[in-house]
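Student: Dropping in data_33.pdb, which is PDB, C-alpha atoms:
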```
MODEL        1
ATOM      1  CA  MET A   1     115.788   8.003  70.758
ATOM      2  CA  THR A   2     112.079   8.071  70.009
ATOM      3  CA  LEU A   3     110.552   7.525  66.597
ATOM      4  CA  GLU A   4     106.983   8.472  65.768
ATOM      5  CA  GLU A   5     104.999   8.198  62.578
ATOM      6  CA  VAL A   6     103.349  11.507  61.735
ATOM      7  CA  THR A   7     101.587  10.517  58.510
ATOM      8  CA  GLU A   8     101.199   6.923  57.396
ATOM      9  CA  SER A   9     101.198   5.860  53.795
ATOM     10  CA  SER A  10      98.013   5.545  51.793
ATOM     11  CA  ILE A  11      99.637   3.083  49.362
ATOM     12  CA  TRP A  12      99.652  -0.679  49.971
ATOM     13  CA  PRO A  13     101.886  -3.362  48.446
ATOM     14  CA  VAL A  14      98.909  -5.253  47.064
ATOM     15  CA  SER A  15      95.327  -4.366  46.242
ATOM     16  CA  LEU A  16      92.305  -6.209  47.584
ATOM     17  CA  ASP A  17      91.840  -7.824  44.161
ATOM     18  CA  GLU A  18      95.474  -9.006  44.050
ATOM     19  CA  ALA A  19      95.183 -10.484  47.538
ATOM     20  CA  LYS A  20      91.891 -12.229  46.704
ATOM     21  CA  ASP A  21      93.386 -13.595  43.498
ATOM     22  CA  HIS A  22      96.377 -14.964  45.432
ATOM     23  CA  LEU A  23      94.024 -16.483  48.028
ATOM     24  CA  ARG A  24      91.737 -17.852  45.291
ATOM     25  CA  VAL A  25      88.765 -16.122  46.913
ATOM     26  CA  THR A  26      86.004 -15.380  44.405
ATOM     27  CA  ASN A  27      83.269 -13.940  46.652
ATOM     28  CA  ASP A  28      83.140 -10.695  48.620
ATOM     29  CA  ASP A  29      82.286 -12.215  52.016
ATOM     30  CA  ASP A  30      85.773 -11.747  53.481
ATOM     31  CA  ASN A  31      86.683  -8.435  51.821
ATOM     32  CA  THR A  32      86.859  -6.516  55.101
ATOM     33  CA  TYR A  33      88.966  -9.223  56.732
ATOM     34  CA  ILE A  34      91.332  -9.481  53.758
ATOM     35  CA  GLN A  35      91.712  -5.686  53.691
ATOM     36  CA  SER A  36      92.627  -5.748  57.395
ATOM     37  CA  LEU A  37      95.213  -8.463  56.652
ATOM     38  CA  ILE A  38      96.755  -6.287  53.924
ATOM     39  CA  TYR A  39      97.121  -3.462  56.442
ATOM     40  CA  ALA A  40      98.443  -5.680  59.252
ATOM     41  CA  VAL A  41     100.910  -7.590  57.062
ATOM     42  CA  THR A  42     102.204  -4.359  55.519
ATOM     43  CA  ARG A  43     102.905  -2.978  58.984
ATOM     44  CA  LEU A  44     104.507  -6.262  60.092
ATOM     45  CA  GLY A  45     106.616  -6.347  56.936
ATOM     46  CA  GLU A  46     107.834  -2.825  57.647
ATOM     47  CA  ILE A  47     108.773  -3.828  61.191
ATOM     48  CA  ILE A  48     110.535  -7.025  60.078
ATOM     49  CA  THR A  49     112.510  -5.256  57.334
ATOM     50  CA  ARG A  50     112.990  -2.015  59.306
ATOM     51  CA  ARG A  51     111.787  -0.064  56.271
ATOM     52  CA  ALA A  52     108.998   2.257  55.239
ATOM     53  CA  PHE A  53     107.415   0.579  52.220
ATOM     54  CA  TYR A  54     105.740   3.744  50.895
ATOM     55  CA  THR A  55     105.768   7.508  51.446
ATOM     56  CA  SER A  56     105.228   8.353  55.104
ATOM     57  CA  THR A  57     106.340  11.159  57.406
ATOM     58  CA  TRP A  58     108.347  10.461  60.562
ATOM     59  CA  ARG A  59     109.809  12.343  63.512
ATOM     60  CA  LEU A  60     112.954  11.207  65.256
ATOM     61  CA  TYR A  61     113.660  12.668  68.699
ATOM     62  CA  LEU A  62     117.134  12.648  70.234
ATOM     63  CA  ASP A  63     118.358  13.985  73.566
ATOM     64  CA  CYS A  64     121.299  15.766  71.905
ATOM     65  CA  LEU A  65     123.081  16.087  68.596
ATOM     66  CA  PRO A  66     125.642  13.264  68.317
ATOM     67  CA  ASP A  67     129.334  13.922  67.674
ATOM     68  CA  LYS A  68     129.492  12.927  64.011
ATOM     69  CA  LEU A  69     126.353  11.727  62.282
ATOM     70  CA  ILE A  70     122.683  10.901  62.777
ATOM     71  CA  LEU A  71     121.239   7.661  61.439
ATOM     72  CA  LEU A  72     117.703   7.931  60.106
ATOM     73  CA  PRO A  73     115.590   4.782  60.334
ATOM     74  CA  LYS A  74     112.961   3.595  57.853
ATOM     75  CA  PRO A  75     114.785   3.616  54.496
ATOM     76  CA  PRO A  76     114.558   4.612  51.780
ATOM     77  CA  LEU A  77     114.813   8.280  52.746
ATOM     78  CA  GLN A  78     113.154  10.754  50.391
ATOM     79  CA  SER A  79     114.009  14.000  52.186
ATOM     80  CA  VAL A  80     114.616  15.722  55.504
ATOM     81  CA  THR A  81     111.930  18.306  56.270
ATOM     82  CA  HIS A  82     113.703  19.936  59.197
ATOM     83  CA  VAL A  83     116.160  19.527  62.047
ATOM     84  CA  LYS A  84     115.045  21.454  65.123
ATOM     85  CA  TYR A  85     116.769  21.663  68.485
ATOM     86  CA  PHE A  86     116.496  23.458  71.810
ATOM     87  CA  ASP A  87     119.507  25.727  72.125
ATOM     88  CA  SER A  88     121.486  26.366  75.320
ATOM     89  CA  SER A  89     118.803  28.902  76.370
ATOM     90  CA  ASP A  90     116.032  26.275  75.938
ATOM     91  CA  ILE A  91     114.613  28.031  72.865
ATOM     92  CA  GLN A  92     113.716  25.889  69.866
ATOM     93  CA  GLN A  93     115.734  26.683  66.750
ATOM     94  CA  THR A  94     115.761  25.255  63.231
ATOM     95  CA  LEU A  95     119.158  24.139  61.998
ATOM     96  CA  ALA A  96     119.923  25.671  58.595
ATOM     97  CA  SER A  97     120.079  23.030  55.875
ATOM     98  CA  THR A  98     123.500  24.420  54.892
ATOM     99  CA  GLU A  99     124.843  23.124  58.231
ATOM    100  CA  TYR A 100     124.337  19.469  57.330
ATOM    101  CA  VAL A 101     124.514  17.012  54.447
ATOM    102  CA  VAL A 102     121.891  14.324  53.898
ATOM    103  CA  ASP A 103     123.033  10.932  52.611
ATOM    104  CA  THR A 104     120.000   9.259  51.033
ATOM    105  CA  ILE A 105     122.027   6.423  49.499
ATOM    106  CA  SER A 106     123.080   4.694  52.736
ATOM    107  CA  LYS A 107     120.628   2.406  54.474
ATOM    108  CA  PRO A 108     119.870   3.675  57.015
ATOM    109  CA  ALA A 109     120.240   7.201  55.658
ATOM    110  CA  ARG A 110     122.543   9.630  57.432
ATOM    111  CA  ILE A 111     122.710  13.281  58.339
ATOM    112  CA  CYS A 112     126.318  14.463  58.576
ATOM    113  CA  ARG A 113     127.758  17.829  59.575
ATOM    114  CA  ALA A 114     128.633  20.005  56.609
ATOM    115  CA  PHE A 115     132.359  20.352  55.963
ATOM    116  CA  GLY A 116     133.892  22.779  58.453
ATOM    117  CA  SER A 117     130.785  23.065  60.603
ATOM    118  CA  SER A 118     129.974  21.723  64.043
ATOM    119  CA  TRP A 119     126.696  20.858  65.692
ATOM    120  CA  PRO A 120     125.277  23.543  67.974
ATOM    121  CA  SER A 121     124.999  22.929  71.706
ATOM    122  CA  THR A 122     121.636  21.681  72.888
ATOM    123  CA  TYR A 123     119.815  22.279  76.131
ATOM    124  CA  ASP A 124     120.089  19.388  78.598
ATOM    125  CA  ARG A 125     116.568  17.991  78.284
ATOM    126  CA  PRO A 126     114.909  14.882  76.907
ATOM    127  CA  ASN A 127     114.081  15.028  73.199
ATOM    128  CA  ALA A 128     116.046  18.227  72.654
ATOM    129  CA  VAL A 129     116.386  17.425  68.929
ATOM    130  CA  GLU A 130     113.519  16.822  66.491
ATOM    131  CA  ILE A 131     114.177  15.591  62.969
ATOM    132  CA  GLU A 132     111.246  15.306  60.599
ATOM    133  CA  PHE A 133     111.747  13.303  57.424
ATOM    134  CA  ILE A 134     109.859  11.621  54.613
ATOM    135  CA  ALA A 135     110.656   7.985  53.921
ATOM    136  CA  GLY A 136     109.411   5.177  51.706
ATOM    137  CA  LEU A 137     108.900   4.416  48.061
ATOM    138  CA  VAL A 138     106.771   6.705  45.911
ATOM    139  CA  ALA A 139     104.694   4.333  43.750
ATOM    140  CA  GLN A 140     103.140   0.915  44.374
ATOM    141  CA  ASP A 141     105.186  -0.654  41.575
ATOM    142  CA  ASP A 142     108.465   0.516  43.175
ATOM    143  CA  LEU A 143     108.320  -2.236  45.818
ATOM    144  CA  PRO A 144     110.627  -5.134  44.886
ATOM    145  CA  GLU A 145     108.723  -8.164  43.613
ATOM    146  CA  GLY A 146     110.266 -10.335  46.346
ATOM    147  CA  LEU A 147     108.770  -8.127  49.062
ATOM    148  CA  LYS A 148     105.404  -8.114  47.322
ATOM    149  CA  GLN A 149     105.494 -11.932  47.254
ATOM    150  CA  ALA A 150     106.436 -12.012  50.945
ATOM    151  CA  VAL A 151     103.400  -9.839  51.710
ATOM    152  CA  LEU A 152     101.094 -12.054  49.627
ATOM    153  CA  HIS A 153     102.375 -15.251  51.264
ATOM    154  CA  HIS A 154     102.096 -13.688  54.709
ATOM    155  CA  ILE A 155      98.484 -12.692  53.991
ATOM    156  CA  SER A 156      97.803 -16.229  52.789
ATOM    157  CA  HIS A 157      99.304 -17.728  55.936
ATOM    158  CA  LEU A 158      97.235 -15.487  58.228
ATOM    159  CA  TYR A 159      94.088 -16.059  56.167
ATOM    160  CA  ASP A 160      94.474 -19.844  56.467
ATOM    161  CA  MET A 161      95.741 -19.890  60.078
ATOM    162  CA  ARG A 162      93.507 -17.434  61.890
ATOM    163  CA  GLU A 163      95.128 -18.053  65.257
ATOM    164  CA  PRO A 164      98.773 -17.237  66.090
ATOM    165  CA  VAL A 165      99.437 -20.824  67.223
ATOM    166  CA  ILE A 166      97.311 -23.882  66.433
ATOM    167  CA  MET A 167      97.582 -26.946  68.615
ATOM    168  CA  GLY A 168      95.653 -30.112  68.221
ATOM    169  CA  PHE A 169      95.730 -33.866  68.060
ATOM    170  CA  GLY A 170      98.189 -34.886  65.370
ATOM    171  CA  LEU A 171      98.857 -31.271  64.313
ATOM    172  CA  GLY A 172     101.647 -30.310  66.684
ATOM    173  CA  VAL A 173     102.294 -26.588  66.993
ATOM    174  CA  GLN A 174     101.914 -24.473  63.833
ATOM    175  CA  GLN A 175     103.703 -21.105  63.755
ATOM    176  CA  VAL A 176     104.713 -18.633  61.060
ATOM    177  CA  PRO A 177     106.776 -20.736  58.650
ATOM    178  CA  PHE A 178     110.504 -20.121  58.546
ATOM    179  CA  THR A 179     110.343 -19.869  54.759
ATOM    180  CA  LEU A 180     107.953 -16.942  55.049
ATOM    181  CA  MET A 181     110.295 -15.066  57.380
ATOM    182  CA  ALA A 182     113.183 -15.903  55.052
ATOM    183  CA  MET A 183     111.366 -14.096  52.221
ATOM    184  CA  TYR A 184     111.726 -10.807  54.143
ATOM    185  CA  THR A 185     115.399 -11.358  55.048
ATOM    186  CA  PRO A 186     117.050 -10.042  51.848
ATOM    187  CA  TYR A 187     115.241  -6.718  52.338
ATOM    188  CA  ARG A 188     115.980  -6.289  56.038
ATOM    189  CA  VAL A 189     118.097  -3.301  57.003
ATOM    190  CA  MET A 190     120.872  -4.909  59.025
ATOM    191  CA  ARG A 191     122.440  -1.827  60.562
ATOM    192  CA  PHE A 192     120.396  -0.789  63.544
ATOM    193  CA  TYR A 193     120.564   2.206  65.807
TER     194      TYR A 193
ENDMDL
END
```
Once more with this new file: its structure as structure tokens, please.
Tutor:
Amino acid sequence: MTLEEVTESSIWPVSLDEAKDHLRVTNDDDNTYIQSLIYAVTRLGEIITRRAFYTSTWRLYLDCLPDKLILLPKPPLQSVTHVKYFDSSDIQQTLASTEYVVDTISKPARICRAFGSSWPSTYDRPNAVEIEFIAGLVAQDDLPEGLKQAVLHHISHLYDMREPVIMGFGLGVQQVPFTLMAMYTPYRVMRFY
């Protein structure tokens, strides 16, 4: 299984002004750095939670079509663009959308065979199946407030602690606080592939 991001989101959980307000920064000297933290923390938050925060396009590659269902990572799923596969003659085909049912409610989302249908045979090759899908929330305000707070606190932590680990006389070792990681936990997709 290989997952690749085709188009990343252009929406962020917090704006530069919201991040600066949370950090209590009143000048523009660190704007570029704070903007880079927003980007980095958003990506880290997506990795930690196993979600796509906002609309993005993904491709999932599989070596064959599984017996029953296909799990799609990066919830919430908006739609499946296509399911393509290399048939037994090694020619790429597009599976008709009437041949499968998309479950957008489950997390992760699922593609199941339509009632009475079976998956076609695929050519024996790596990445014989390509599934393109759109995942993530549509609007900035759709992100749960708890996740937005996790992002803000994560930005604050990285802004204050500019090194991954700080060691020094009387300081001990400082790492990402457990409480910060715990803020992401309620939103983490527990079922993994």
Student: Could you write out as a ChimeraX atom specification the residues that the PyMOL selection byres ((chain A and resi 106) around 10) matches in the shown file?
Tutor: /A:71-72,75-77,102-105,107-110
Student: Evaluate the PyMOL selection byres ((chain A and resi 86) around 6) on the structure here and hand back the selected residues as a list in words.
Tutor: Tyr85, Asp87, Asp90, Ile91, Gln92, Thr122, Tyr123 and Ala128 of chain A
Student: Using the chain letters and numbering of this document, enumerate as a PyMOL selection string the residues selected by the PyMOL selection byres ((chain A and resi 6) around 8).
Tutor: chain A and resi 4-5+7-8+56-59
Student: To one decimal place, how far is CA of Asn27 in chain A from CA of His154 in chain A in Å?
Tutor: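 So the answer is 20.5 Å.
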Student: Could you tell me how far CA of Ser15 in chain A lies from CA of Met181 in chain A, in Å and to one decimal?
Tutor: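 Spanning CA of Ser15 in chain A to CA of Met181 in chain A is a straight-line distance of 21.5 Å.
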Student: Using only C-alpha atoms, which of A:Gln149, A:Gln93, A:Ser79, A:Thr179 sits nearest Phe133 in chain A?
Tutor: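 Ranked by minimum distance to Phe133 in chain A, first place goes to A:Ser79.
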